[in-house]
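Here is the file my_file_9.pdb (PDB, C-alpha atoms).
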```pdb
ATOM      1  CA  MET A   1      39.899  -5.132 -10.074
ATOM      2  CA  SER A   2      39.564  -4.271 -13.754
ATOM      3  CA  TYR A   3      36.160  -3.695 -15.215
ATOM      4  CA  ASP A   4      37.388  -3.129 -18.771
ATOM      5  CA  GLU A   5      35.415  -6.110 -20.071
ATOM      6  CA  TYR A   6      32.194  -4.304 -19.090
ATOM      7  CA  ILE A   7      32.833  -1.141 -21.111
ATOM      8  CA  GLY A   8      30.610  -0.999 -24.181
ATOM      9  CA  LYS A   9      28.400  -3.861 -23.000
ATOM     10  CA  PRO A  10      24.700  -3.509 -23.798
ATOM     11  CA  MET A  11      22.383  -3.383 -20.771
ATOM     12  CA  SER A  12      18.860  -3.155 -22.054
ATOM     13  CA  ALA A  13      16.571  -2.350 -24.966
ATOM     14  CA  HIS A  14      12.932  -1.344 -24.787
ATOM     15  CA  THR A  15      10.016  -0.315 -26.930
ATOM     16  CA  ILE A  16       8.186   2.386 -24.993
ATOM     17  CA  HIS A  17       4.685   3.724 -25.479
ATOM     18  CA  VAL A  18       4.337   7.343 -24.391
ATOM     19  CA  GLU A  19       0.848   7.571 -22.935
ATOM     20  CA  ARG A  20      -1.187  10.302 -21.270
ATOM     21  CA  GLY A  21      -1.854   8.365 -18.060
ATOM     22  CA  SER A  22       1.797   7.829 -17.216
ATOM     23  CA  VAL A  23       2.829  11.332 -18.319
ATOM     24  CA  SER A  24       0.121  12.995 -16.232
ATOM     25  CA  ARG A  25       0.747  10.844 -13.123
ATOM     26  CA  PHE A  26       4.520  11.234 -13.415
ATOM     27  CA  ALA A  27       4.269  15.037 -13.791
ATOM     28  CA  ASP A  28       1.945  15.111 -10.775
ATOM     29  CA  ALA A  29       4.440  13.057  -8.717
ATOM     30  CA  CYS A  30       7.098  15.685  -9.567
ATOM     31  CA  THR A  31       4.631  18.345  -8.212
ATOM     32  CA  ASP A  32       4.149  19.603 -11.775
ATOM     33  CA  LYS A  33       0.611  20.927 -12.229
ATOM     34  CA  ASN A  34       1.386  22.600 -15.570
ATOM     35  CA  PRO A  35      -1.838  21.942 -17.567
ATOM     36  CA  ILE A  36       0.302  21.102 -20.633
ATOM     37  CA  TYR A  37       0.894  17.647 -19.077
ATOM     38  CA  HIS A  38      -2.688  17.100 -17.975
ATOM     39  CA  ASN A  39      -5.025  18.820 -20.431
ATOM     40  CA  LEU A  40      -4.974  18.137 -24.174
ATOM     41  CA  LYS A  41      -6.240  21.622 -24.981
ATOM     42  CA  ALA A  42      -3.419  23.248 -22.992
ATOM     43  CA  ALA A  43      -0.863  21.026 -24.753
ATOM     44  CA  LYS A  44      -2.176  22.176 -28.142
ATOM     45  CA  VAL A  45      -2.026  25.843 -27.151
ATOM     46  CA  ALA A  46       1.636  25.288 -26.147
ATOM     47  CA  GLY A  47       2.523  23.938 -29.606
ATOM     48  CA  PHE A  48       2.099  20.167 -29.167
ATOM     49  CA  ASP A  49      -0.395  17.664 -30.588
ATOM     50  CA  ALA A  50      -0.590  15.932 -27.183
ATOM     51  CA  PRO A  51       1.013  16.366 -23.750
ATOM     52  CA  PRO A  52       4.833  16.369 -24.033
ATOM     53  CA  LEU A  53       7.341  14.453 -21.916
ATOM     54  CA  PRO A  54       8.287  15.985 -18.565
ATOM     55  CA  PRO A  55      12.104  16.469 -18.566
ATOM     56  CA  THR A  56      12.948  13.311 -16.564
ATOM     57  CA  TRP A  57      10.098  11.024 -17.728
ATOM     58  CA  THR A  58      12.340   8.784 -19.845
ATOM     59  CA  PHE A  59      14.325   7.740 -16.754
ATOM     60  CA  ALA A  60      11.235   5.871 -15.524
ATOM     61  CA  SER A  61       9.941   4.940 -18.966
ATOM     62  CA  ALA A  62      10.912   1.250 -19.016
ATOM     63  CA  PHE A  63       8.603   0.900 -15.998
ATOM     64  CA  LEU A  64       5.906   3.216 -17.375
ATOM     65  CA  GLY A  65       5.489   2.318 -21.025
ATOM     66  CA  ALA A  66       7.001  -1.058 -21.970
ATOM     67  CA  TYR A  67       4.682  -3.995 -22.735
ATOM     68  CA  PRO A  68       5.811  -7.569 -23.409
ATOM     69  CA  GLU A  69       4.232  -8.042 -26.848
ATOM     70  CA  ASP A  70       6.481  -5.633 -28.757
ATOM     71  CA  GLN A  71       9.782  -5.682 -26.890
ATOM     72  CA  PRO A  72      13.045  -6.088 -28.854
ATOM     73  CA  ALA A  73      15.326  -9.049 -28.225
ATOM     74  CA  ASP A  74      17.238  -8.878 -24.932
ATOM     75  CA  PRO A  75      20.657  -7.450 -25.935
ATOM     76  CA  THR A  76      22.302  -9.280 -23.010
ATOM     77  CA  GLY A  77      21.143 -12.620 -24.408
ATOM     78  CA  GLY A  78      19.405 -13.444 -21.129
ATOM     79  CA  LYS A  79      22.476 -12.718 -18.961
ATOM     80  CA  GLY A  80      20.838  -9.671 -17.399
ATOM     81  CA  ASN A  81      21.946  -6.083 -17.010
ATOM     82  CA  PRO A  82      25.765  -6.122 -16.499
ATOM     83  CA  MET A  83      25.494  -3.011 -14.255
ATOM     84  CA  MET A  84      23.440  -5.094 -11.828
ATOM     85  CA  GLY A  85      26.188  -7.729 -11.963
ATOM     86  CA  ILE A  86      28.850  -5.173 -11.010
ATOM     87  CA  MET A  87      26.763  -3.637  -8.221
ATOM     88  CA  SER A  88      25.560  -6.891  -6.687
ATOM     89  CA  GLY A  89      29.143  -8.197  -6.705
ATOM     90  CA  LEU A  90      30.318  -5.099  -4.829
ATOM     91  CA  MET A  91      27.392  -5.157  -2.395
ATOM     92  CA  LYS A  92      28.392  -8.640  -1.189
ATOM     93  CA  ASN A  93      31.002  -6.826   0.915
ATOM     94  CA  GLY A  94      28.525  -4.156   2.038
ATOM     95  CA  GLY A  95      28.624  -0.482   1.236
ATOM     96  CA  MET A  96      26.073   1.673  -0.465
ATOM     97  CA  VAL A  97      24.882   2.399  -4.008
ATOM     98  CA  LEU A  98      24.420   6.109  -4.763
ATOM     99  CA  HIS A  99      23.113   7.999  -7.760
ATOM    100  CA  GLY A 100      26.053  10.306  -8.466
ATOM    101  CA  GLU A 101      25.149  12.292 -11.544
ATOM    102  CA  GLN A 102      22.433  12.377 -14.156
ATOM    103  CA  GLU A 103      22.291  14.128 -17.490
ATOM    104  CA  PHE A 104      19.602  14.438 -20.157
ATOM    105  CA  ILE A 105      20.420  15.627 -23.671
ATOM    106  CA  TYR A 106      17.254  16.590 -25.546
ATOM    107  CA  HIS A 107      17.523  16.212 -29.314
ATOM    108  CA  GLN A 108      13.898  16.999 -30.099
ATOM    109  CA  PRO A 109      10.614  17.132 -28.165
ATOM    110  CA  ALA A 110       8.428  14.037 -27.817
ATOM    111  CA  GLN A 111       4.789  13.711 -26.819
ATOM    112  CA  CYS A 112       2.026  11.279 -25.917
ATOM    113  CA  GLY A 113       1.256   8.916 -28.761
ATOM    114  CA  ASP A 114       4.935   8.537 -29.677
ATOM    115  CA  LEU A 115       6.618   5.152 -29.721
ATOM    116  CA  LEU A 116      10.225   5.254 -28.506
ATOM    117  CA  HIS A 117      12.996   2.682 -28.791
ATOM    118  CA  SER A 118      15.686   2.758 -26.130
ATOM    119  CA  GLU A 119      19.091   1.112 -26.019
ATOM    120  CA  GLY A 120      21.333   1.327 -22.967
ATOM    121  CA  LYS A 121      24.993   0.409 -22.587
ATOM    122  CA  ILE A 122      27.833   0.808 -20.108
ATOM    123  CA  THR A 123      30.238   3.485 -21.347
ATOM    124  CA  ASN A 124      32.745   3.607 -18.493
ATOM    125  CA  VAL A 125      33.655   1.965 -15.179
ATOM    126  CA  TYR A 126      36.327   3.488 -12.957
ATOM    127  CA  THR A 127      37.361   3.567  -9.324
ATOM    128  CA  LYS A 128      38.601   6.289  -6.958
ATOM    129  CA  GLU A 129      39.630   6.423  -3.322
ATOM    130  CA  SER A 130      37.724   8.928  -1.221
ATOM    131  CA  GLY A 131      38.170   9.280   2.543
ATOM    132  CA  GLY A 132      39.738   5.805   2.706
ATOM    133  CA  LYS A 133      36.753   4.283   0.881
ATOM    134  CA  LEU A 134      36.825   2.697  -2.542
ATOM    135  CA  MET A 135      34.350   4.352  -4.881
ATOM    136  CA  THR A 136      33.354   2.444  -8.021
ATOM    137  CA  PHE A 137      31.639   4.515 -10.730
ATOM    138  CA  VAL A 138      29.544   2.941 -13.475
ATOM    139  CA  VAL A 139      28.617   5.321 -16.313
ATOM    140  CA  MET A 140      25.721   4.297 -18.547
ATOM    141  CA  GLU A 141      24.220   5.852 -21.640
ATOM    142  CA  THR A 142      20.712   5.218 -22.913
ATOM    143  CA  VAL A 143      19.537   6.618 -26.246
ATOM    144  CA  PHE A 144      15.820   6.952 -26.969
ATOM    145  CA  LYS A 145      14.857   7.157 -30.637
ATOM    146  CA  ASN A 146      11.476   7.891 -32.204
ATOM    147  CA  ALA A 147       9.636   5.753 -34.760
ATOM    148  CA  ALA A 148      11.598   7.485 -37.562
ATOM    149  CA  GLY A 149      14.848   6.342 -35.920
ATOM    150  CA  GLU A 150      15.843   9.884 -34.902
ATOM    151  CA  PRO A 151      17.298  10.471 -31.428
ATOM    152  CA  VAL A 152      14.920  12.142 -28.977
ATOM    153  CA  VAL A 153      16.717  11.924 -25.625
ATOM    154  CA  THR A 154      20.125  10.667 -24.507
ATOM    155  CA  GLU A 155      20.498   9.890 -20.804
ATOM    156  CA  ILE A 156      23.847   9.639 -19.036
ATOM    157  CA  PHE A 157      23.561   7.913 -15.682
ATOM    158  CA  ASN A 158      26.475   7.791 -13.214
ATOM    159  CA  LEU A 159      25.965   5.270 -10.421
ATOM    160  CA  ILE A 160      28.428   4.929  -7.549
ATOM    161  CA  HIS A 161      29.190   2.089  -5.170
ATOM    162  CA  ARG A 162      30.782   3.445  -1.999
ATOM    163  CA  GLY A 163      32.666   0.709  -0.154
ATOM    164  CA  LYS A 164      32.503   0.244   3.580
TER     165      LYS A 164
ATOM    166  CA  MET B 165       3.917  18.821 -35.882
ATOM    167  CA  ILE B 166       5.544  19.859 -32.620
ATOM    168  CA  ASN B 167       6.366  23.537 -32.380
ATOM    169  CA  PRO B 168       6.777  24.384 -28.696
ATOM    170  CA  VAL B 169       5.960  27.912 -27.607
ATOM    171  CA  ARG B 170       9.180  29.599 -26.436
ATOM    172  CA  LYS B 171       8.499  31.410 -23.177
ATOM    173  CA  LEU B 172      11.823  33.198 -22.866
ATOM    174  CA  SER B 173      12.904  36.226 -24.854
ATOM    175  CA  PHE B 174      16.572  35.973 -25.887
ATOM    176  CA  ASP B 175      17.012  39.738 -26.176
ATOM    177  CA  LYS B 176      15.627  40.482 -22.718
ATOM    178  CA  ILE B 177      17.712  37.898 -20.824
ATOM    179  CA  SER B 178      21.203  38.486 -19.497
ATOM    180  CA  ALA B 179      23.722  36.680 -17.304
ATOM    181  CA  GLY B 180      22.832  36.920 -13.636
ATOM    182  CA  ASP B 181      19.067  36.897 -14.231
ATOM    183  CA  GLU B 182      17.195  34.456 -11.987
ATOM    184  CA  ALA B 183      14.166  32.357 -12.852
ATOM    185  CA  PRO B 184      11.117  32.460 -10.544
ATOM    186  CA  VAL B 185      11.767  30.367  -7.424
ATOM    187  CA  VAL B 186       9.712  27.210  -6.765
ATOM    188  CA  SER B 187       9.558  25.825  -3.196
ATOM    189  CA  HIS B 188       8.117  22.612  -1.821
ATOM    190  CA  LEU B 189       7.832  21.059   1.639
ATOM    191  CA  LEU B 190       8.871  17.413   1.147
ATOM    192  CA  THR B 191       6.499  14.892   2.735
ATOM    193  CA  ARG B 192       6.402  11.121   2.997
ATOM    194  CA  THR B 193       3.378  11.241   0.688
ATOM    195  CA  ASP B 194       5.625  12.808  -1.994
ATOM    196  CA  LEU B 195       8.017   9.859  -1.631
ATOM    197  CA  VAL B 196       5.202   7.318  -1.965
ATOM    198  CA  LYS B 197       3.735   9.150  -4.971
ATOM    199  CA  TYR B 198       7.095   9.325  -6.706
ATOM    200  CA  ALA B 199       7.777   5.643  -5.997
ATOM    201  CA  GLY B 200       4.440   4.682  -7.554
ATOM    202  CA  ALA B 201       4.761   6.983 -10.556
ATOM    203  CA  SER B 202       8.389   6.074 -11.353
ATOM    204  CA  GLY B 203       8.619   2.413 -10.351
ATOM    205  CA  ASP B 204      11.487   3.092  -7.936
ATOM    206  CA  PHE B 205      10.435   0.972  -4.966
ATOM    207  CA  ASN B 206      13.767   1.031  -3.137
ATOM    208  CA  PRO B 207      12.529   0.588   0.467
ATOM    209  CA  MET B 208      14.900   3.340   1.678
ATOM    210  CA  HIS B 209      12.413   5.767   0.088
ATOM    211  CA  SER B 210       9.096   4.230   1.063
ATOM    212  CA  ASP B 211       9.490   1.830   4.007
ATOM    213  CA  GLU B 212      10.247   3.668   7.260
ATOM    214  CA  ALA B 213      10.893   0.425   9.187
ATOM    215  CA  ALA B 214      13.391  -0.798   6.589
ATOM    216  CA  ALA B 215      15.145   2.600   6.495
ATOM    217  CA  LYS B 216      15.517   2.644  10.289
ATOM    218  CA  ALA B 217      16.730  -0.958  10.297
ATOM    219  CA  ALA B 218      19.437   0.182   7.849
ATOM    220  CA  GLY B 219      20.550   2.834  10.340
ATOM    221  CA  LEU B 220      18.904   5.835   8.702
ATOM    222  CA  PRO B 221      16.868   8.393  10.692
ATOM    223  CA  SER B 222      13.899   7.929   8.310
ATOM    224  CA  VAL B 223      13.074   7.327   4.682
ATOM    225  CA  PHE B 224      14.765   9.818   2.343
ATOM    226  CA  GLY B 225      13.747  11.340  -0.975
ATOM    227  CA  HIS B 226      14.477   9.851  -4.389
ATOM    228  CA  GLY B 227      17.270  11.750  -6.111
ATOM    229  CA  MET B 228      15.182  11.600  -9.269
ATOM    230  CA  PHE B 229      12.258  13.264  -7.447
ATOM    231  CA  SER B 230      14.586  16.193  -6.712
ATOM    232  CA  MET B 231      15.696  16.250 -10.340
ATOM    233  CA  GLY B 232      12.073  16.049 -11.515
ATOM    234  CA  PHE B 233      11.044  18.865  -9.176
ATOM    235  CA  LEU B 234      13.923  21.088 -10.286
ATOM    236  CA  GLY B 235      13.049  20.160 -13.880
ATOM    237  CA  ARG B 236       9.577  21.513 -13.192
ATOM    238  CA  ALA B 237      11.126  24.831 -12.087
ATOM    239  CA  ILE B 238      13.082  24.914 -15.381
ATOM    240  CA  THR B 239      10.048  24.167 -17.557
ATOM    241  CA  ASP B 240       7.861  26.618 -15.582
ATOM    242  CA  TRP B 241      10.423  29.226 -16.643
ATOM    243  CA  ALA B 242      11.372  28.150 -20.189
ATOM    244  CA  GLY B 243       8.268  26.160 -21.188
ATOM    245  CA  PRO B 244       8.053  22.378 -21.787
ATOM    246  CA  GLY B 245       9.716  21.236 -25.006
ATOM    247  CA  ASN B 246      12.409  23.952 -24.830
ATOM    248  CA  LEU B 247      15.157  22.049 -23.002
ATOM    249  CA  LEU B 248      18.378  21.093 -24.798
ATOM    250  CA  ASN B 249      20.327  19.809 -21.818
ATOM    251  CA  TYR B 250      19.794  19.253 -18.103
ATOM    252  CA  ARG B 251      22.448  17.731 -15.866
ATOM    253  CA  VAL B 252      22.906  17.488 -12.117
ATOM    254  CA  ARG B 253      25.192  16.092  -9.465
ATOM    255  CA  PHE B 254      23.424  14.650  -6.427
ATOM    256  CA  THR B 255      25.247  16.131  -3.447
ATOM    257  CA  LYS B 256      23.051  15.386  -0.409
ATOM    258  CA  GLN B 257      20.033  13.296   0.494
ATOM    259  CA  THR B 258      16.649  14.983   1.013
ATOM    260  CA  TRP B 259      14.530  14.282   4.095
ATOM    261  CA  PRO B 260      10.808  14.578   4.802
ATOM    262  CA  GLY B 261      10.129  17.900   6.528
ATOM    263  CA  GLU B 262      12.701  19.841   4.508
ATOM    264  CA  THR B 263      11.607  22.681   2.265
ATOM    265  CA  LEU B 264      13.295  22.401  -1.121
ATOM    266  CA  THR B 265      13.796  25.571  -3.150
ATOM    267  CA  SER B 266      14.925  25.929  -6.738
ATOM    268  CA  LYS B 267      17.634  28.315  -7.860
ATOM    269  CA  ILE B 268      18.177  28.965 -11.557
ATOM    270  CA  VAL B 269      20.735  31.609 -12.516
ATOM    271  CA  VAL B 270      21.454  32.558 -16.130
ATOM    272  CA  THR B 271      25.142  32.205 -17.004
ATOM    273  CA  GLY B 272      25.105  33.153 -20.673
ATOM    274  CA  LYS B 273      23.397  33.150 -24.036
ATOM    275  CA  GLU B 274      24.451  32.420 -27.597
ATOM    276  CA  VAL B 275      22.990  31.716 -30.996
ATOM    277  CA  THR B 276      23.945  28.220 -32.165
ATOM    278  CA  LYS B 277      22.757  25.840 -34.877
ATOM    279  CA  GLU B 278      20.108  24.719 -32.366
ATOM    280  CA  GLY B 279      18.708  28.241 -32.018
ATOM    281  CA  LYS B 280      18.789  30.982 -29.406
ATOM    282  CA  VAL B 281      20.268  29.177 -26.407
ATOM    283  CA  ILE B 282      20.232  30.347 -22.780
ATOM    284  CA  SER B 283      22.582  28.622 -20.297
ATOM    285  CA  ALA B 284      21.908  28.533 -16.571
ATOM    286  CA  ASP B 285      23.275  27.046 -13.379
ATOM    287  CA  VAL B 286      20.600  25.171 -11.439
ATOM    288  CA  SER B 287      20.406  23.917  -7.869
ATOM    289  CA  LEU B 288      17.982  22.770  -5.229
ATOM    290  CA  VAL B 289      18.627  23.861  -1.636
ATOM    291  CA  ASN B 290      16.959  23.325   1.735
ATOM    292  CA  GLU B 291      16.079  26.045   4.245
ATOM    293  CA  LYS B 292      19.650  26.001   5.600
ATOM    294  CA  GLY B 293      21.025  26.648   2.127
ATOM    295  CA  GLU B 294      22.479  23.122   1.745
ATOM    296  CA  ALA B 295      22.572  22.108  -1.923
ATOM    297  CA  LYS B 296      20.822  18.787  -2.563
ATOM    298  CA  LEU B 297      21.713  18.800  -6.198
ATOM    299  CA  SER B 298      23.479  21.215  -8.462
ATOM    300  CA  GLY B 299      24.054  21.338 -12.164
ATOM    301  CA  SER B 300      23.255  23.218 -15.317
ATOM    302  CA  THR B 301      20.761  23.505 -18.132
ATOM    303  CA  LYS B 302      20.498  24.861 -21.657
ATOM    304  CA  VAL B 303      17.118  26.033 -22.931
ATOM    305  CA  LEU B 304      15.763  27.619 -26.094
ATOM    306  CA  ALA B 305      14.429  31.165 -26.200
ATOM    307  CA  ALA B 306      12.501  33.133 -28.836
TER     308      ALA B 306
END
```
Please go through the file and, once you have read it, give me the structure as structure tokens.
Amino acid sequence: MSYDEYIGKPMSAHTIHVERGSVSRFADACTDKNPIYHNLKAAKVAGFDAPPLPPTWTFASAFLGAYPEDQPADPTGGKGNPMMGIMSGLMKNGGMVLHGEQEFIYHQPAQCGDLLHSEGKITNVYTKESGGKLMTFVVMETVFKNAAGEPVVTEIFNLIHRGK
Amino acid sequence: MINPVRKLSFDKISAGDEAPVVSHLLTRTDLVKYAGASGDFNPMHSDEAAAKAAGLPSVFGHGMFSMGFLGRAITDWAGPGNLLNYRVRFTKQTWPGETLTSKIVVTGKEVTKEGKVISADVSLVNEKGEAKLSGSTKVLAA
């Protein structure tokens, strides 16, 4: 099956508020007790105006900091995330969805109080045989920009469906 | 104005140096906390009955918890706000009761347009030495 039509398709767009509550709770859930994430004074001593983002915070940020009143238009035009379409189609015949690889490229630091704008798209879909099983890889890229329109973080997310 | 304190000294670091090790005994409470703090409510991570019904021995850890925990080991070493790149491959699932230990080994250093950059290989292993994830990072030094 060819997935070429999916390559380049937008998946999602969000406006994200970076707030102390979600940063502190997220850092804590990663076992990170560094006071920089929890105590404003410690953040200032470390060179920030407010607690900064833990390295993987943006991955959860659509859940943590997006509110309905200031979201951008749905770039899928209401069709939904095309990655979900690929994966749910494959899962009809069973198998398993696995997180294969994850990369974060940090362009500049961000901190609580910042407003980020994210846009995600599918950049590649390919298949491989492994141990007699068909593996389908979906590669996605999400870019987070700050209020000045400058990139802050780029995430590259490689999700795998392993057939039965 | 953000001006993160650089914890690492470029001149004092060389290839083969290792960052301080961080270890953690993974519990079901960690899985529940990470689910709540990240919004990843896949029942394979938080619902023991559902995980067993799917043929698994128990719930297993979120890959992104492992990446977050290893990220903590990197920022403990280099300081928050000093990362340029962090990438991993998820190689094995993590299970409650395992002790996860970070390993960060410097592979090189160079001065680029971004500053004084240290490169390292990173991994997270259990007590048997099985890698749960492995990858690399680039961080800024003073």
Subject >> Shell of 9 Å around segment 182-195 of chain B, only C-alpha atoms, local chain residues under 6 positions omitted, as a VMD selection string >> reply: (chain A and resid 29 to 31) or (chain B and resid 209 to 210 223 to 226 229 233 to 234 236 to 238 240 to 242 258 to 270 284)
Output for the residues just chosen: C-alpha atoms as a tab-separated table (two decimals), in the coordinates of the input:
```tsv
chain	number	residue	atom	x	y	z
A	29	ALA	CA	4.44	13.06	-8.72
A	30	CYS	CA	7.10	15.68	-9.57
A	31	THR	CA	4.63	18.34	-8.21
B	209	HIS	CA	12.41	5.77	0.09
B	210	SER	CA	9.10	4.23	1.06
B	223	VAL	CA	13.07	7.33	4.68
B	224	PHE	CA	14.76	9.82	2.34
B	225	GLY	CA	13.75	11.34	-0.98
B	226	HIS	CA	14.48	9.85	-4.39
B	229	PHE	CA	12.26	13.26	-7.45
B	233	PHE	CA	11.04	18.86	-9.18
B	234	LEU	CA	13.92	21.09	-10.29
B	236	ARG	CA	9.58	21.51	-13.19
B	237	ALA	CA	11.13	24.83	-12.09
B	238	ILE	CA	13.08	24.91	-15.38
B	240	ASP	CA	7.86	26.62	-15.58
B	241	TRP	CA	10.42	29.23	-16.64
B	242	ALA	CA	11.37	28.15	-20.19
B	258	THR	CA	16.65	14.98	1.01
B	259	TRP	CA	14.53	14.28	4.10
B	260	PRO	CA	10.81	14.58	4.80
B	261	GLY	CA	10.13	17.90	6.53
B	262	GLU	CA	12.70	19.84	4.51
B	263	THR	CA	11.61	22.68	2.26
B	264	LEU	CA	13.30	22.40	-1.12
B	265	THR	CA	13.80	25.57	-3.15
B	266	SER	CA	14.92	25.93	-6.74
B	267	LYS	CA	17.63	28.32	-7.86
B	268	ILE	CA	18.18	28.96	-11.56
B	269	VAL	CA	20.74	31.61	-12.52
B	270	VAL	CA	21.45	32.56	-16.13
B	284	ALA	CA	21.91	28.53	-16.57
```
Could you give me, as JSON lines, every chain B residue with an atom at most 7 Å from chain A, plus its closest atom pair and distance in Å to one decimal, counting only C-alpha atoms, rows ordered by chain then number?
```
{"residue": "B:Met165", "atom": "CA", "partner": "A:Asp49", "partner_atom": "CA", "distance": 6.9}
{"residue": "B:Ile166", "atom": "CA", "partner": "A:Phe48", "partner_atom": "CA", "distance": 4.9}
{"residue": "B:Asn167", "atom": "CA", "partner": "A:Gly47", "partner_atom": "CA", "distance": 4.8}
{"residue": "B:Pro168", "atom": "CA", "partner": "A:Gly47", "partner_atom": "CA", "distance": 4.4}
{"residue": "B:Val169", "atom": "CA", "partner": "A:Ala46", "partner_atom": "CA", "distance": 5.3}
{"residue": "B:Asp194", "atom": "CA", "partner": "A:Ala29", "partner_atom": "CA", "distance": 6.8}
{"residue": "B:Lys197", "atom": "CA", "partner": "A:Ala29", "partner_atom": "CA", "distance": 5.5}
{"residue": "B:Tyr198", "atom": "CA", "partner": "A:Ala29", "partner_atom": "CA", "distance": 5.0}
{"residue": "B:Ala201", "atom": "CA", "partner": "A:Phe26", "partner_atom": "CA", "distance": 5.1}
{"residue": "B:Ser202", "atom": "CA", "partner": "A:Ala60", "partner_atom": "CA", "distance": 5.1}
{"residue": "B:Gly203", "atom": "CA", "partner": "A:Phe63", "partner_atom": "CA", "distance": 5.8}
{"residue": "B:Phe229", "atom": "CA", "partner": "A:Cys30", "partner_atom": "CA", "distance": 6.1}
{"residue": "B:Gly232", "atom": "CA", "partner": "A:Cys30", "partner_atom": "CA", "distance": 5.4}
{"residue": "B:Phe233", "atom": "CA", "partner": "A:Cys30", "partner_atom": "CA", "distance": 5.1}
{"residue": "B:Gly235", "atom": "CA", "partner": "A:Pro55", "partner_atom": "CA", "distance": 6.0}
{"residue": "B:Arg236", "atom": "CA", "partner": "A:Asp32", "partner_atom": "CA", "distance": 5.9}
{"residue": "B:Gly245", "atom": "CA", "partner": "A:Pro109", "partner_atom": "CA", "distance": 5.3}
{"residue": "B:Leu247", "atom": "CA", "partner": "A:Tyr106", "partner_atom": "CA", "distance": 6.4}
{"residue": "B:Leu248", "atom": "CA", "partner": "A:Tyr106", "partner_atom": "CA", "distance": 4.7}
{"residue": "B:Asn249", "atom": "CA", "partner": "A:Ile105", "partner_atom": "CA", "distance": 4.6}
{"residue": "B:Tyr250", "atom": "CA", "partner": "A:Phe104", "partner_atom": "CA", "distance": 5.2}
{"residue": "B:Arg251", "atom": "CA", "partner": "A:Glu103", "partner_atom": "CA", "distance": 4.0}
{"residue": "B:Val252", "atom": "CA", "partner": "A:Gln102", "partner_atom": "CA", "distance": 5.5}
{"residue": "B:Arg253", "atom": "CA", "partner": "A:Glu101", "partner_atom": "CA", "distance": 4.3}
{"residue": "B:Phe254", "atom": "CA", "partner": "A:Gly100", "partner_atom": "CA", "distance": 5.5}
```
Can those selected residues be exported to a file as a JSON list (two decimals), in the coordinates of the input so that it contains C-alpha atoms?
```json
[["chain", "number", "residue", "atom", "x", "y", "z"],
["B", 165, "MET", "CA", 3.92, 18.82, -35.88],
["B", 166, "ILE", "CA", 5.54, 19.86, -32.62],
["B", 167, "ASN", "CA", 6.37, 23.54, -32.38],
["B", 168, "PRO", "CA", 6.78, 24.38, -28.70],
["B", 169, "VAL", "CA", 5.96, 27.91, -27.61],
["B", 194, "ASP", "CA", 5.62, 12.81, -1.99],
["B", 197, "LYS", "CA", 3.74, 9.15, -4.97],
["B", 198, "TYR", "CA", 7.10, 9.32, -6.71],
["B", 201, "ALA", "CA", 4.76, 6.98, -10.56],
["B", 202, "SER", "CA", 8.39, 6.07, -11.35],
["B", 203, "GLY", "CA", 8.62, 2.41, -10.35],
["B", 229, "PHE", "CA", 12.26, 13.26, -7.45],
["B", 232, "GLY", "CA", 12.07, 16.05, -11.52],
["B", 233, "PHE", "CA", 11.04, 18.86, -9.18],
["B", 235, "GLY", "CA", 13.05, 20.16, -13.88],
["B", 236, "ARG", "CA", 9.58, 21.51, -13.19],
["B", 245, "GLY", "CA", 9.72, 21.24, -25.01],
["B", 247, "LEU", "CA", 15.16, 22.05, -23.00],
["B", 248, "LEU", "CA", 18.38, 21.09, -24.80],
["B", 249, "ASN", "CA", 20.33, 19.81, -21.82],
["B", 250, "TYR", "CA", 19.79, 19.25, -18.10],
["B", 251, "ARG", "CA", 22.45, 17.73, -15.87],
["B", 252, "VAL", "CA", 22.91, 17.49, -12.12],
["B", 253, "ARG", "CA", 25.19, 16.09, -9.46],
["B", 254, "PHE", "CA", 23.42, 14.65, -6.43]]
```
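Here atom CA of Ser88 of chain A and atom CA of Thr142 of chain A stand 20.8 Å from one another.
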Original post:
Quick one: distance from atom CA of Leu172 of chain B to atom CA of Val18 of chain A in Å, one decimal?
Top reply: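 Straight-line distance from atom CA of Leu172 of chain B to atom CA of Val18 of chain A works out to 27.0 Å.
Taking atom CA of Glu278 of chain B as the reference point, atom CA of Pro244 of chain B is found at 16.2 Å.
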Original post:
Got a sec: who's within 9 Å of Ile16 of chain A, counting only C-alpha atoms, leaving out chain neighbours fewer than 2 positions off, as a VMD selection string?
Top reply: chain A and resid 14 18 61 to 62 64 to 67 71 114 to 118
Original post:
Got a sec to resolve the PyMOL selection byres ((chain A and resi 125-135) around 7) on this structure and send the residues as a list in words?
Top reply: Tyr3, Ile7, Asn124, Thr136, Phe137, Val138, Val139, Ile160, His161, Arg162, Gly163 and Lys164 of chain A
Could you please fill out segment 120-124 of chain A with N, CA and C atoms and send it back as a tab-separated table (two decimals), in the frame of the given file?
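Writing the result to part00.tsv gives the following:
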```tsv
chain	number	residue	atom	x	y	z
A	120	GLY	N	20.41	0.87	-24.00
A	120	GLY	CA	21.33	1.33	-22.97
A	120	GLY	C	22.60	0.49	-22.97
A	121	LYS	N	23.72	1.15	-22.68
A	121	LYS	CA	24.99	0.41	-22.59
A	121	LYS	C	25.87	1.04	-21.52
A	122	ILE	N	26.84	0.29	-21.05
A	122	ILE	CA	27.83	0.81	-20.11
A	122	ILE	C	28.91	1.50	-20.93
A	123	THR	N	29.22	2.76	-20.57
A	123	THR	CA	30.24	3.48	-21.35
A	123	THR	C	31.54	3.64	-20.59
A	124	ASN	N	31.49	3.50	-19.25
A	124	ASN	CA	32.74	3.61	-18.49
A	124	ASN	C	32.56	2.99	-17.11
```
